[in-house]
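Engineer: The structure is given below, and queries will be raised subsequently.
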Amino acid sequence: MKHLINLAVVLIFLVGVVACDNSSHDKEIVVTELTIPIYFDNVVDNQVSIIRNKYEYESFFSDYDVDLPSIDFNHNTLIVVRGVTSRGIVENADKVIRCFWNDDTLNVSVNIPVDFTFSADAWCCVFLIDDKIRENQNVTLNVNEILI
């Protein structure tokens with residue numbers, strides 16, 4: 001009888017561990033924004049450009065005369081996003097970039113600080129994520145204009 005009680009306790013514990021598995025919930029990713037002073041004309045507005053390796057990196061930047069930082073593509077992925085706001089961008093405020101996994105989809109969220117002017121301003125974000133994105137994984141983009 002004691003063995004059955006111990007077995008029941010172990011089974012309840014295992015069910016609790018499986019029920020608390022966060023694999024299907026949001027998993028935040030470390031994001032490092034890079035400062036590369038160019039406006040990319042080879043990027044489509046409001047789409048995510050993903051650079052997974054050194055060859056793609058050199059090819060993507062081949063038309064630009066800029067010093068590129070060294071990137072370890074064994075552990076990182078470079079992402080470039082470009083767009084245009086419906087209002088003026090606040091110059092001294094930082095963009096907020098957040099990336100997280102939800103199941104097998106990478107969610108990229110960019111908050112652009114804007115003011116009350118009605119000028120369409122172009123913006124661009126270049127950032128590293130501390131993760132690898134496979135060729136067949138889904139990526140979604142959500143851009144928010146935050147009125148400051």
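Letters A, B, ... go to the chains of the structure tokens in the order shown; residues in each chain start at 1; ligands are counted from 1 in the same order.
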Could you find all residues in chain A that DSSP calls alpha helix (DSSP H) from the backbone, and write them as JSON, numbers by chain?
Structural biologist: {"A": [2, 3, 4, 5, 6, 7, 8, 9, 10, 11, 12, 13, 14, 15, 16, 17, 18, 19, 54, 55, 56, 57, 58, 59, 60]}
Engineer: Of the residues A:Cys124, A:Ala93, A:Val114, A:Glu135, which is the one nearest to Val80 of chain A, using only C-alpha atoms?
Structural biologist: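 Closest to Val80 of chain A, using only C-alpha atoms: A:Cys124.
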Engineer: Between atom CA of Asn107 of chain A and atom CA of Ile129 of chain A, what is the distance in Å, rounded to a tenth?
Structural biologist: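 Value for the atom CA of Asn107 of chain A-atom CA of Ile129 of chain A distance: 11.7 Å.
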Engineer: Would you work out the distance separating atom CA of Lys95 of chain A from atom CA of Ile148 of chain A, expressed in Å to one decimal?
Structural biologist: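 Here the two named atoms are 11.8 Å from each other.
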Engineer: Using only C-alpha atoms, find the one residue out of A:Val96, A:Leu106, A:Val84, A:Ile89 that sits nearest to Lys27 of chain A.
Structural biologist: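 With only C-alpha atoms as the atom set, the closest residue is A:Leu106.
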Engineer: If you measure from atom CA of Asn144 of chain A to atom CA of Thr105 of chain A, what distance in Å do you get, rounded to one decimal?
Structural biologist: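 For atom CA of Asn144 of chain A relative to atom CA of Thr105 of chain A, the distance reads 19.1 Å.
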Engineer: Residues within 12 Å of Val30 of chain A, please, as number ranges by chain. Count only C-alpha atoms; anything in the same chain fewer than 5 positions from it doesn't count.
Structural biologist: A: 75-77, 97-101, 108, 127-132
Engineer: Can you work out which one of A:Asp41, A:Ser62, A:Arg82, A:Gly88 has the shortest atom-to-atom distance to Ala120 of chain A, counting only C-alpha atoms?
Structural biologist: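 Answer, going by the shortest atom-to-atom distance: A:Gly88.
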Engineer: Enumerate, as number ranges by chain, the complete set of residues in segment 70-139 of chain A that a backbone-based DSSP assignment places in strand (DSSP E).
Structural biologist: A: 77-84, 96-102, 105-114, 122-129, 138-139
Engineer: Convert the current residue selection to file output with N, CA and C atoms, as a compact mmCIF listing (two decimals), in the first residue's frame.
Structural biologist:
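The file below, result_13.txt, is the result:
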```txt
# COMPACT_ATOMS: atom_id res chain seq x y z
N THR A 77 21.19 36.05 -34.96
CA THR A 77 20.57 36.35 -36.24
C THR A 77 20.42 37.87 -36.33
N LEU A 78 20.73 38.43 -37.49
CA LEU A 78 20.58 39.87 -37.71
C LEU A 78 19.24 40.12 -38.37
N ILE A 79 18.53 41.13 -37.88
CA ILE A 79 17.22 41.46 -38.42
C ILE A 79 17.21 42.93 -38.82
N VAL A 80 16.65 43.23 -39.99
CA VAL A 80 16.52 44.60 -40.47
C VAL A 80 15.04 44.83 -40.78
N VAL A 81 14.50 45.93 -40.24
CA VAL A 81 13.11 46.30 -40.46
C VAL A 81 13.08 47.78 -40.82
N ARG A 82 12.27 48.13 -41.79
CA ARG A 82 12.15 49.52 -42.22
C ARG A 82 10.68 49.86 -42.39
N GLY A 83 10.35 51.14 -42.19
CA GLY A 83 8.97 51.55 -42.38
C GLY A 83 8.85 53.06 -42.46
N VAL A 84 7.62 53.53 -42.54
CA VAL A 84 7.32 54.95 -42.60
C VAL A 84 6.19 55.21 -41.61
N VAL A 96 11.56 50.99 -29.19
CA VAL A 96 11.55 49.82 -28.33
C VAL A 96 11.31 48.60 -29.21
N ILE A 97 12.28 47.68 -29.16
CA ILE A 97 12.19 46.48 -29.99
C ILE A 97 12.06 45.29 -29.04
N ARG A 98 11.10 44.45 -29.34
CA ARG A 98 10.91 43.25 -28.52
C ARG A 98 10.71 42.08 -29.46
N CYS A 99 11.40 40.98 -29.17
CA CYS A 99 11.23 39.76 -29.94
C CYS A 99 10.94 38.62 -28.97
N PHE A 100 10.02 37.76 -29.37
CA PHE A 100 9.73 36.61 -28.54
C PHE A 100 9.19 35.47 -29.40
N TRP A 101 9.42 34.26 -28.94
CA TRP A 101 8.89 33.08 -29.60
C TRP A 101 7.53 32.76 -29.01
N ASN A 102 6.61 32.42 -29.86
CA ASN A 102 5.34 31.88 -29.44
C ASN A 102 5.12 30.66 -30.31
N THR A 105 6.76 30.52 -33.96
CA THR A 105 6.70 31.80 -34.66
C THR A 105 7.50 32.84 -33.88
N LEU A 106 8.39 33.56 -34.60
CA LEU A 106 9.11 34.67 -33.99
C LEU A 106 8.25 35.92 -34.16
N ASN A 107 7.91 36.55 -33.05
CA ASN A 107 7.14 37.79 -33.07
C ASN A 107 8.08 38.95 -32.86
N VAL A 108 8.12 39.88 -33.82
CA VAL A 108 8.95 41.07 -33.74
C VAL A 108 8.01 42.25 -33.54
N SER A 109 8.25 42.98 -32.46
CA SER A 109 7.42 44.14 -32.15
C SER A 109 8.32 45.37 -32.06
N VAL A 110 7.97 46.42 -32.81
CA VAL A 110 8.74 47.66 -32.81
C VAL A 110 7.81 48.81 -32.44
N ASN A 111 8.17 49.52 -31.39
CA ASN A 111 7.43 50.72 -30.98
C ASN A 111 8.21 51.95 -31.41
N ILE A 112 7.61 52.77 -32.26
CA ILE A 112 8.24 53.97 -32.78
C ILE A 112 7.65 55.18 -32.06
N PRO A 113 8.49 55.99 -31.37
CA PRO A 113 7.97 57.18 -30.68
C PRO A 113 7.68 58.29 -31.69
N VAL A 114 6.43 58.79 -31.67
CA VAL A 114 6.03 59.83 -32.62
C VAL A 114 5.45 61.02 -31.86
N ALA A 122 10.54 58.30 -42.34
CA ALA A 122 11.08 56.94 -42.51
C ALA A 122 11.86 56.54 -41.27
N TRP A 123 11.83 55.26 -40.93
CA TRP A 123 12.59 54.73 -39.82
C TRP A 123 13.18 53.37 -40.23
N CYS A 124 14.22 52.97 -39.52
CA CYS A 124 14.87 51.70 -39.81
C CYS A 124 15.45 51.15 -38.50
N CYS A 125 15.34 49.87 -38.30
CA CYS A 125 15.92 49.20 -37.13
C CYS A 125 16.81 48.06 -37.63
N VAL A 126 18.02 48.00 -37.09
CA VAL A 126 18.94 46.90 -37.35
C VAL A 126 19.31 46.34 -35.98
N PHE A 127 19.03 45.07 -35.77
CA PHE A 127 19.30 44.51 -34.45
C PHE A 127 19.63 43.02 -34.53
N LEU A 128 20.37 42.60 -33.52
CA LEU A 128 20.73 41.18 -33.35
C LEU A 128 19.79 40.56 -32.35
N ILE A 129 19.44 39.31 -32.59
CA ILE A 129 18.76 38.55 -31.56
C ILE A 129 19.67 37.41 -31.15
N ASN A 138 8.19 30.85 -39.14
CA ASN A 138 7.34 32.02 -39.37
C ASN A 138 7.84 33.20 -38.56
N VAL A 139 7.76 34.38 -39.15
CA VAL A 139 8.12 35.62 -38.47
C VAL A 139 6.98 36.61 -38.69
```
Engineer: When you count only C-alpha atoms, which of these residues is closest to Tyr64 of chain A: A:Val90, A:Val44, A:Leu147, A:Ile38?
Structural biologist: A:Ile38
